[in-house]
Structure formats: C-alpha cells, structure tokens
file data.txt (compact mmCIF, C-alpha atoms)
# COMPACT_ATOMS: atom_id res chain seq x y z
CA MET A 1 -16.45 9.43 -34.59
CA GLU A 2 -20.04 10.39 -35.37
CA ASN A 3 -22.48 9.04 -32.79
CA LYS A 4 -24.76 6.93 -34.99
CA THR A 5 -25.61 3.32 -35.73
CA TYR A 6 -24.54 2.22 -39.19
CA ASP A 7 -26.25 -0.41 -41.29
CA LEU A 8 -22.90 -2.11 -41.77
CA ALA A 9 -19.44 -1.90 -40.23
CA ILE A 10 -16.58 -3.53 -42.13
CA ILE A 11 -13.49 -4.46 -40.12
CA GLY A 12 -10.49 -4.38 -42.42
CA GLY A 13 -9.58 -2.27 -45.43
CA GLY A 14 -7.95 -4.85 -47.65
CA VAL A 15 -9.32 -5.90 -51.02
CA ALA A 16 -12.09 -8.02 -49.47
CA GLY A 17 -13.21 -5.25 -47.13
CA MET A 18 -13.13 -2.55 -49.79
CA THR A 19 -15.03 -4.71 -52.29
CA ALA A 20 -17.63 -5.35 -49.60
CA ALA A 21 -17.88 -1.60 -49.04
CA ILE A 22 -18.49 -0.99 -52.75
CA TYR A 23 -21.27 -3.56 -52.96
CA ALA A 24 -22.80 -2.43 -49.67
CA ALA A 25 -22.87 1.22 -50.67
CA ARG A 26 -24.35 0.42 -54.08
CA SER A 27 -27.13 -1.53 -52.37
CA GLY A 28 -27.98 1.46 -50.20
CA LEU A 29 -26.40 0.44 -46.90
CA ASP A 30 -24.97 3.17 -44.67
CA THR A 31 -21.47 1.77 -44.31
CA VAL A 32 -18.27 2.46 -42.37
CA ILE A 33 -14.97 0.68 -43.00
CA ILE A 34 -12.43 0.41 -40.18
CA GLU A 35 -8.74 -0.08 -40.96
CA LYS A 36 -5.84 0.05 -38.51
CA GLY A 37 -3.09 0.54 -41.09
CA GLY A 38 -2.97 1.38 -44.77
CA PHE A 39 -5.83 0.43 -47.06
CA GLY A 40 -5.14 -2.38 -49.50
CA GLY A 41 -3.77 -5.05 -47.18
CA GLN A 42 -1.37 -7.59 -48.70
CA ALA A 43 -2.16 -6.37 -52.23
CA ALA A 44 -0.79 -2.91 -51.47
CA LEU A 45 2.52 -4.48 -50.43
CA THR A 46 2.94 -6.37 -53.70
CA ALA A 47 5.26 -4.70 -56.20
CA LYS A 48 3.58 -6.06 -59.32
CA ILE A 49 0.35 -7.97 -59.86
CA GLU A 50 -0.03 -9.98 -63.07
CA ASN A 51 -3.01 -12.23 -62.30
CA TYR A 52 -5.79 -9.69 -61.73
CA PRO A 53 -8.31 -9.69 -64.60
CA SER A 54 -8.15 -6.78 -67.07
CA TYR A 55 -4.59 -5.81 -66.09
CA LYS A 56 -1.62 -7.37 -67.83
CA GLU A 57 0.43 -5.88 -65.01
CA ILE A 58 -0.32 -3.39 -62.25
CA ASP A 59 1.45 -2.13 -59.16
CA GLY A 60 -0.28 -3.48 -56.07
CA PHE A 61 -0.28 -0.14 -54.31
CA GLN A 62 -1.90 1.49 -57.33
CA LEU A 63 -4.57 -1.20 -57.55
CA ALA A 64 -5.37 -0.71 -53.87
CA ALA A 65 -5.49 3.05 -54.33
CA ASP A 66 -7.88 2.71 -57.29
CA ILE A 67 -10.23 0.51 -55.27
CA LYS A 68 -10.08 2.91 -52.32
CA ALA A 69 -10.94 5.82 -54.61
CA GLN A 70 -14.03 3.93 -55.74
CA VAL A 71 -14.99 3.32 -52.11
CA ASP A 72 -14.60 7.01 -51.31
CA ALA A 73 -16.60 8.08 -54.35
CA LEU A 74 -19.54 6.04 -53.08
CA GLY A 75 -19.59 7.94 -49.80
CA VAL A 76 -18.40 5.15 -47.53
CA GLN A 77 -16.92 6.55 -44.34
CA SER A 78 -13.39 5.39 -43.51
CA TYR A 79 -12.19 5.21 -39.93
CA SER A 80 -8.61 4.63 -38.80
CA ALA A 81 -8.52 2.50 -35.66
CA ASP A 82 -7.42 -0.83 -34.23
CA VAL A 83 -10.33 -3.10 -33.34
CA LYS A 84 -10.10 -4.48 -29.81
CA GLY A 85 -13.46 -6.18 -29.38
CA LEU A 86 -16.81 -7.06 -30.92
CA THR A 87 -20.08 -7.74 -29.09
CA LYS A 88 -23.76 -8.02 -29.98
CA GLU A 89 -26.74 -7.01 -27.85
CA ASN A 90 -30.37 -6.54 -28.89
CA ASP A 91 -29.44 -7.06 -32.57
CA ILE A 92 -26.88 -4.25 -32.48
CA PHE A 93 -23.15 -4.87 -32.77
CA THR A 94 -20.60 -2.77 -30.92
CA VAL A 95 -17.12 -2.57 -32.41
CA THR A 96 -14.69 -1.43 -29.74
CA THR A 97 -11.49 0.18 -31.00
CA ASN A 98 -8.43 1.74 -29.43
CA ALA A 99 -10.03 5.15 -29.98
CA ASP A 100 -13.81 4.81 -29.90
CA SER A 101 -16.79 2.50 -30.18
CA ILE A 102 -18.89 2.05 -33.31
CA THR A 103 -22.36 0.53 -33.45
CA ALA A 104 -23.86 -1.21 -36.47
CA LYS A 105 -26.74 -3.49 -37.38
CA SER A 106 -24.39 -5.89 -39.19
CA VAL A 107 -20.65 -6.50 -39.41
CA ILE A 108 -18.23 -7.98 -41.94
CA ILE A 109 -14.87 -9.13 -40.60
CA ALA A 110 -12.27 -8.76 -43.36
CA ASN A 111 -9.13 -8.21 -41.33
CA GLY A 112 -6.92 -10.51 -43.41
CA VAL A 113 -3.93 -12.44 -42.09
CA ARG A 114 -0.30 -11.87 -41.34
CA ARG A 115 2.37 -13.83 -43.16
CA ARG A 116 4.61 -15.60 -40.70
CA GLU A 117 8.09 -14.17 -41.07
CA LEU A 118 11.59 -15.57 -40.57
CA GLY A 119 12.83 -12.78 -38.32
CA ILE A 120 16.38 -12.90 -39.72
CA ALA A 121 18.84 -10.20 -40.76
CA GLY A 122 18.05 -8.57 -44.10
CA GLU A 123 14.36 -9.49 -44.09
CA ASP A 124 13.11 -5.96 -43.52
CA ALA A 125 15.68 -4.40 -45.84
CA PHE A 126 14.69 -6.53 -48.85
CA ARG A 127 10.96 -6.70 -48.31
CA GLY A 128 9.44 -6.29 -51.79
CA ARG A 129 12.92 -6.42 -53.36
CA GLY A 130 13.39 -10.14 -53.69
CA ILE A 131 11.46 -11.46 -50.70
CA SER A 132 7.97 -12.82 -51.33
CA TRP A 133 5.25 -14.68 -49.48
CA CYS A 134 3.36 -15.74 -52.60
CA ALA A 135 4.87 -17.83 -55.40
CA VAL A 136 1.73 -17.65 -57.54
CA CYS A 137 1.70 -13.85 -57.25
CA ASP A 138 5.40 -13.13 -57.75
CA GLY A 139 6.96 -16.19 -59.33
CA GLY A 140 6.88 -14.65 -62.80
CA PHE A 141 9.43 -12.04 -61.77
CA PHE A 142 12.06 -14.74 -61.23
CA ARG A 143 11.93 -16.54 -64.56
CA LYS A 144 15.20 -18.34 -65.34
CA LYS A 145 16.67 -17.24 -62.02
CA LYS A 146 17.64 -19.05 -58.84
CA VAL A 147 15.37 -18.83 -55.81
CA ALA A 148 14.99 -20.33 -52.34
CA VAL A 149 11.78 -21.52 -50.72
CA ILE A 150 11.72 -21.72 -46.92
CA GLY A 151 9.39 -24.29 -45.40
CA ALA A 152 8.51 -27.98 -45.28
CA GLY A 153 4.72 -28.18 -45.52
CA ASN A 154 2.24 -28.35 -48.37
CA SER A 155 2.47 -24.61 -49.04
CA ALA A 156 6.25 -24.68 -49.31
CA LEU A 157 6.33 -27.71 -51.59
CA GLY A 158 3.51 -26.28 -53.67
CA ASP A 159 5.50 -23.08 -54.07
CA ALA A 160 8.66 -24.95 -54.98
CA ILE A 161 6.86 -27.09 -57.56
CA TYR A 162 5.21 -24.02 -59.08
CA LEU A 163 8.50 -22.11 -59.21
CA SER A 164 10.34 -25.05 -60.75
CA ASN A 165 8.43 -24.40 -63.97
CA LEU A 166 9.69 -20.82 -64.07
CA CYS A 167 13.07 -20.75 -62.41
CA GLU A 168 16.45 -22.18 -63.31
CA GLU A 169 16.92 -23.65 -59.85
CA VAL A 170 14.87 -23.85 -56.66
CA TYR A 171 16.37 -24.56 -53.23
CA LEU A 172 13.86 -25.97 -50.74
CA ILE A 173 15.19 -25.28 -47.25
CA PHE A 174 13.82 -26.80 -44.04
CA ARG A 175 15.11 -27.70 -40.59
CA ARG A 176 13.64 -31.20 -40.42
CA ASP A 177 15.02 -34.44 -41.85
CA TYR A 178 12.13 -34.68 -44.31
CA PRO A 179 9.37 -32.37 -45.56
CA THR A 180 6.07 -32.59 -43.68
CA ALA A 181 3.96 -32.30 -46.82
CA THR A 182 1.48 -34.93 -47.94
CA LYS A 183 2.41 -37.83 -50.22
CA SER A 184 0.94 -36.22 -53.34
CA TYR A 185 3.37 -33.31 -53.03
CA MET A 186 6.28 -35.63 -52.27
CA ASP A 187 5.50 -37.73 -55.32
CA GLN A 188 5.56 -34.66 -57.54
CA LEU A 189 8.76 -33.43 -55.95
CA GLU A 190 10.64 -36.63 -56.79
CA LYS A 191 10.00 -36.07 -60.50
CA ILE A 192 11.49 -32.58 -60.66
CA ASP A 193 15.22 -32.21 -61.30
CA ASN A 194 15.70 -28.50 -60.64
CA ILE A 195 14.49 -28.53 -57.03
CA LYS A 196 17.32 -29.12 -54.57
CA LEU A 197 16.39 -30.13 -51.03
CA LEU A 198 18.46 -28.72 -48.19
CA SER A 199 17.22 -30.64 -45.15
CA ARG A 200 18.51 -29.85 -41.68
CA HIS A 201 19.26 -26.28 -42.78
CA ILE A 202 18.00 -22.94 -41.52
CA PRO A 203 18.15 -19.46 -43.11
CA VAL A 204 20.45 -17.05 -41.28
CA GLU A 205 20.60 -13.85 -43.34
CA ILE A 206 19.29 -12.37 -46.59
CA LYS A 207 21.92 -10.38 -48.48
CA GLY A 208 22.02 -8.05 -51.46
CA GLU A 209 22.48 -4.53 -52.69
CA LYS A 210 19.41 -3.05 -54.36
CA ARG A 211 17.82 -6.51 -54.53
CA VAL A 212 18.44 -9.93 -53.05
CA THR A 213 21.60 -11.65 -54.30
CA ALA A 214 22.23 -14.32 -51.66
CA LEU A 215 20.77 -16.26 -48.76
CA THR A 216 23.05 -17.33 -45.92
CA VAL A 217 22.13 -20.76 -44.53
CA LYS A 218 23.39 -22.96 -41.71
CA ASN A 219 23.73 -26.73 -41.76
CA LEU A 220 22.40 -27.90 -38.40
CA ASP A 221 24.46 -31.09 -38.45
CA THR A 222 27.87 -29.70 -39.41
CA GLU A 223 27.37 -26.11 -38.15
CA GLU A 224 28.67 -24.93 -41.54
CA VAL A 225 27.41 -21.48 -42.58
CA TYR A 226 27.52 -20.55 -46.27
CA ASP A 227 25.84 -18.42 -48.94
CA LEU A 228 23.49 -19.56 -51.68
CA GLU A 229 23.43 -17.31 -54.72
CA VAL A 230 19.71 -16.62 -55.23
CA ASN A 231 17.65 -13.75 -56.59
CA GLY A 232 14.55 -14.48 -54.58
CA VAL A 233 13.50 -15.85 -51.20
CA PHE A 234 9.98 -17.22 -50.82
CA GLU A 235 8.82 -17.61 -47.24
CA ALA A 236 6.24 -20.37 -46.82
CA ILE A 237 6.26 -20.99 -43.09
CA GLY A 238 2.61 -20.28 -42.48
CA LEU A 239 -0.06 -17.62 -42.06
CA ILE A 240 -1.22 -16.05 -38.84
CA PRO A 241 -4.88 -15.02 -38.48
CA ASP A 242 -5.63 -12.32 -35.91
CA ASN A 243 -9.02 -13.56 -34.80
CA ASP A 244 -8.66 -14.14 -31.07
CA VAL A 245 -10.53 -10.91 -30.49
CA PHE A 246 -13.57 -12.40 -32.26
CA ALA A 247 -13.56 -15.79 -30.55
CA ASN A 248 -16.36 -14.68 -28.20
CA ILE A 249 -18.78 -14.09 -31.07
CA ALA A 250 -17.70 -16.22 -34.04
CA GLN A 251 -16.58 -19.81 -34.44
CA LEU A 252 -12.93 -20.37 -35.34
CA ASP A 253 -11.25 -23.46 -36.76
CA GLU A 254 -8.26 -25.13 -35.09
CA ASN A 255 -5.89 -22.71 -36.83
CA GLY A 256 -7.77 -19.58 -35.82
CA TYR A 257 -9.58 -18.88 -39.10
CA LEU A 258 -13.22 -17.77 -39.07
CA LEU A 259 -15.72 -20.39 -40.16
CA THR A 260 -18.41 -19.33 -42.63
CA ASP A 261 -20.89 -20.89 -45.01
CA SER A 262 -20.84 -20.25 -48.76
CA GLU A 263 -22.70 -16.96 -48.22
CA MET A 264 -19.94 -15.71 -45.86
CA ARG A 265 -22.24 -16.01 -42.83
CA THR A 266 -20.69 -16.90 -39.48
CA ASN A 267 -22.60 -18.70 -36.74
CA THR A 268 -23.80 -15.33 -35.39
CA PRO A 269 -26.72 -13.77 -37.33
CA GLY A 270 -25.69 -10.49 -38.93
CA LEU A 271 -21.98 -11.26 -38.67
CA PHE A 272 -20.07 -12.16 -41.84
CA ALA A 273 -16.45 -12.78 -42.79
CA ALA A 274 -14.59 -12.29 -46.06
CA GLY A 275 -11.13 -12.75 -47.48
CA ASP A 276 -8.04 -14.35 -46.02
CA THR A 277 -9.38 -14.25 -42.46
CA ARG A 278 -11.84 -17.08 -43.12
CA GLN A 279 -11.20 -20.76 -43.66
CA LYS A 280 -10.65 -21.29 -47.39
CA SER A 281 -8.31 -23.07 -49.81
CA LEU A 282 -7.21 -20.23 -52.10
CA ARG A 283 -6.13 -16.81 -50.88
CA GLN A 284 -5.83 -14.49 -53.88
CA ILE A 285 -7.01 -10.99 -54.77
CA VAL A 286 -9.78 -12.32 -57.01
CA THR A 287 -11.14 -14.61 -54.29
CA ALA A 288 -11.00 -11.74 -51.80
CA CYS A 289 -13.11 -9.65 -54.17
CA SER A 290 -15.58 -12.51 -54.53
CA ASP A 291 -15.83 -12.96 -50.76
CA GLY A 292 -16.36 -9.25 -50.20
CA ALA A 293 -19.12 -9.01 -52.79
CA GLN A 294 -20.89 -12.07 -51.38
CA ALA A 295 -20.58 -10.88 -47.77
CA ALA A 296 -22.04 -7.47 -48.59
CA THR A 297 -24.90 -9.07 -50.51
CA ALA A 298 -25.61 -11.39 -47.58
CA ALA A 299 -25.52 -8.43 -45.18
CA HIS A 300 -28.03 -6.56 -47.35
CA ASP A 301 -30.33 -9.59 -47.42
CA TYR A 302 -30.05 -9.97 -43.65
CA LEU A 303 -30.97 -6.32 -43.04
CA LYS A 304 -33.54 -5.73 -45.75
CA LEU A 305 -35.05 -9.15 -46.39
CA GLY A 306 -34.62 -10.81 -43.02
CA LYS A 307 -32.60 -13.68 -44.51

call {"tool": "encode", "arguments": {"input": "data.txt", "output": "structure tokens"}}
result
Amino acid sequence: MENKTYDLAIIGGGVAGMTAAIYAARSGLDTVIIEKGGFGGQAALTAKIENYPSYKEIDGFQLAADIKAQVDALGVQSYSADVKGLTKENDIFTVTTNADSITAKSVIIANGVRRRELGIAGEDAFRGRGISWCAVCDGGFFRKKKVAVIGAGNSALGDAIYLSNLCEEVYLIFRRDYPTATKSYMDQLEKIDNIKLLSRHIPVEIKGEKRVTALTVKNLDTEEVYDLEVNGVFEAIGLIPDNDVFANIAQLDENGYLLTDSEMRTNTPGLFAAGDTRQKSLRQIVTACSDGAQAATAAHDYLKLGK
C-alpha cells in the first residue's frame, strides 16, 4: 500500500461505500476504498433487482459491477483487506487491516451487515436459487407460488404480509408459541387468509434440484418431521452488524448499529457511517446510495469547510 495520507478512507465496498467514493472523487477528495471481499455487498448477491430506479430489471452482480466501473473511472484506489481496527490521533485516522495500515483525514464506515442464517442442510446449496433474505427485493419472483418465511418478529411478519399479496400461500414458521411482533402486525396478520402459522416448528432442511422445491420442518411438540412443498424460503431471523471493531471510536446502539445524525456524522468528528451498518428503518439499495452520497458530502464539508 502506498505510504500516504488520504483525504478519505471508505471502509466497505458495497453500494453505500461505492456511491460515497463516486461523490467524494467528484468533489476532489483523494479517496481509497477498502473491501475485504467482493465489491457490491448484498446487492451483488441478489439474482435480480426490480426496484432500482431506471432499471425494470437488472442482475445484482451486474449493477454492482457497473457502479464499481464508475468508481474506477474516477481514479479511486481500491484496496483488498479486512479492517481490524480504527483509531484517531492528531486529526488523522489510522485504519489497521490484516495486511497494512492506512491513514486518512476522514473515514466513512460502510461495511454493511450480515444476514443471520439458519445453518441448516441445503442452505448453501440453494443460496440465490430460492432462498432470500429480502421479501421486498425478491418477492416478485414468487408470484402465485408457495413460500415459507422463517421468523417471529416484526421483520418476519412484515415479510409474510408483503408476500401474501403476491404468493398463493405463505407459511410463517417459528419455534415459539406465538409471534413476538408488535400488535399492529398481529392485527394485520389475523385478516389475511393465505398466511398459515406453524408455531412450535423449526426448519430442518431445504430441498430441491435446480431450485428450492421443499422445506423440511419439525414439530417441537410431536417430534414429527415432514416436508412443505414451497418454491421459496425467506429467512427473517435478524441482521448482524460487524461493528465491535469500531466501538472504541463510534457510538453503537443496543443492537450494534452505528449511530449517526441525518448528515451521516458519528459522534467522532471526521468519522461518518453509511448504509446498512448504521441505525435506520429501511435497508435498500436506494437508501444505501442516499447514505453514501450524504456521507461523502459531509466528509467534504468537514475537510474543506471545517463543518
């Protein structure tokens, strides 16, 4: 890695991080973007995207590749590494990675989140072929089909309610006696005929050939194990932010998400956060783009205008 201090270091190469890089470069900031895996984040793992403006339909990997090409064309340096620490001293940030250290006058954390997974047989085999972590993103691919939603909280019930308008039948599967969602979700659920609740059940295995065709479940009371014929499995058992490494320098909420103001500023001057990693109500590609643009603008104002 070149021994220099950048104007801006962006941690994370998902949609939020890459959008931030575009805005930063266009405003004249010398920028480096650090990504431990493939660029594009969750978007790059989505088979088809139908809710991104200007595209009726686009492959998620292609959308991510197009954004990355724009980043590269603007001269932003990309660095492949896993961030292990972040400190600030004398107005200079040091990003420590598994391979090197990078210094910068400002930093945007855009490392995204991990979807909590079931960890059952067939999950890896059918990833992107019938398994989804986003009903709003992928629900349209299961119109008039049968699907299962795993989970008992607000996200799971919200997914089930959304899918009930598209799918022939929705199984809502959870291990508790009752869902843990709020009353507003429960009230809506009671009015929908094509959602079937399977309480005291757990998923055991996801089956199929080229795509998902069945979900094996177990009744915790009777010990009965049987297959549900479904074309899709939506996992809504939570998100996992990876922000422990930043707890020394940025404030986190009780769930581990970074806290920011509306300008994406954290409680540390010169440190910003964008995308799924921060506390927010809607995690979509368009909101990630918005966060990234705002964070880069705020970083520019911090460096150039002293704001």

call {"tool": "closest_atom_pairs", "arguments": {"input": "data.txt", "of": "range 131-183 of chain A", "to": "range 228-250 of chain A", "cutoff": "6 Å", "atoms": "only C-alpha atoms", "output": "Markdown table"}}
result
| residue | atom | partner | partner_atom | distance |
| --- | --- | --- | --- | --- |
| A:Ile131 | CA | A:Val233 | CA | 4.9 |
| A:Ser132 | CA | A:Phe234 | CA | 4.9 |
| A:Trp133 | CA | A:Glu235 | CA | 5.1 |
| A:Lys146 | CA | A:Val230 | CA | 4.8 |
| A:Val147 | CA | A:Gly232 | CA | 4.6 |
| A:Ala148 | CA | A:Val233 | CA | 4.9 |
| A:Val149 | CA | A:Phe234 | CA | 4.7 |
| A:Ile150 | CA | A:Glu235 | CA | 5.0 |
| A:Gly151 | CA | A:Ile237 | CA | 5.1 |
| A:Ala156 | CA | A:Ala236 | CA | 5.0 |

call {"tool": "residues_around", "arguments": {"input": "data.txt", "residues": "range 119-125 of chain A", "least_positions_apart": "5", "cutoff": "8 Å", "atoms": "all atoms listed in the file", "output": "PyMOL selection string"}}
result
chain A and resi 131+203-207

call {"tool": "atom_distance", "arguments": {"input": "data.txt", "atom1": "CA of Ala25 in chain A", "atom2": "CA of Leu74 in chain A"}}
result
6.3 Å

call {"tool": "residues_near_point", "arguments": {"input": "data.txt", "point": "(11.1, -35.1, -44.2)", "cutoff": "12 Å", "atoms": "all atoms listed in the file", "output": "ChimeraX atom specification"}}
result
/A:151-154,157,172-183,185-186,197-200

call {"tool": "closest_residue", "arguments": {"input": "data.txt", "among": "A:Thr216, A:Arg129, A:Leu166, A:Asp276", "to": "Arg114 in chain A", "atoms": "all atoms listed in the file"}}
result
A:Asp276
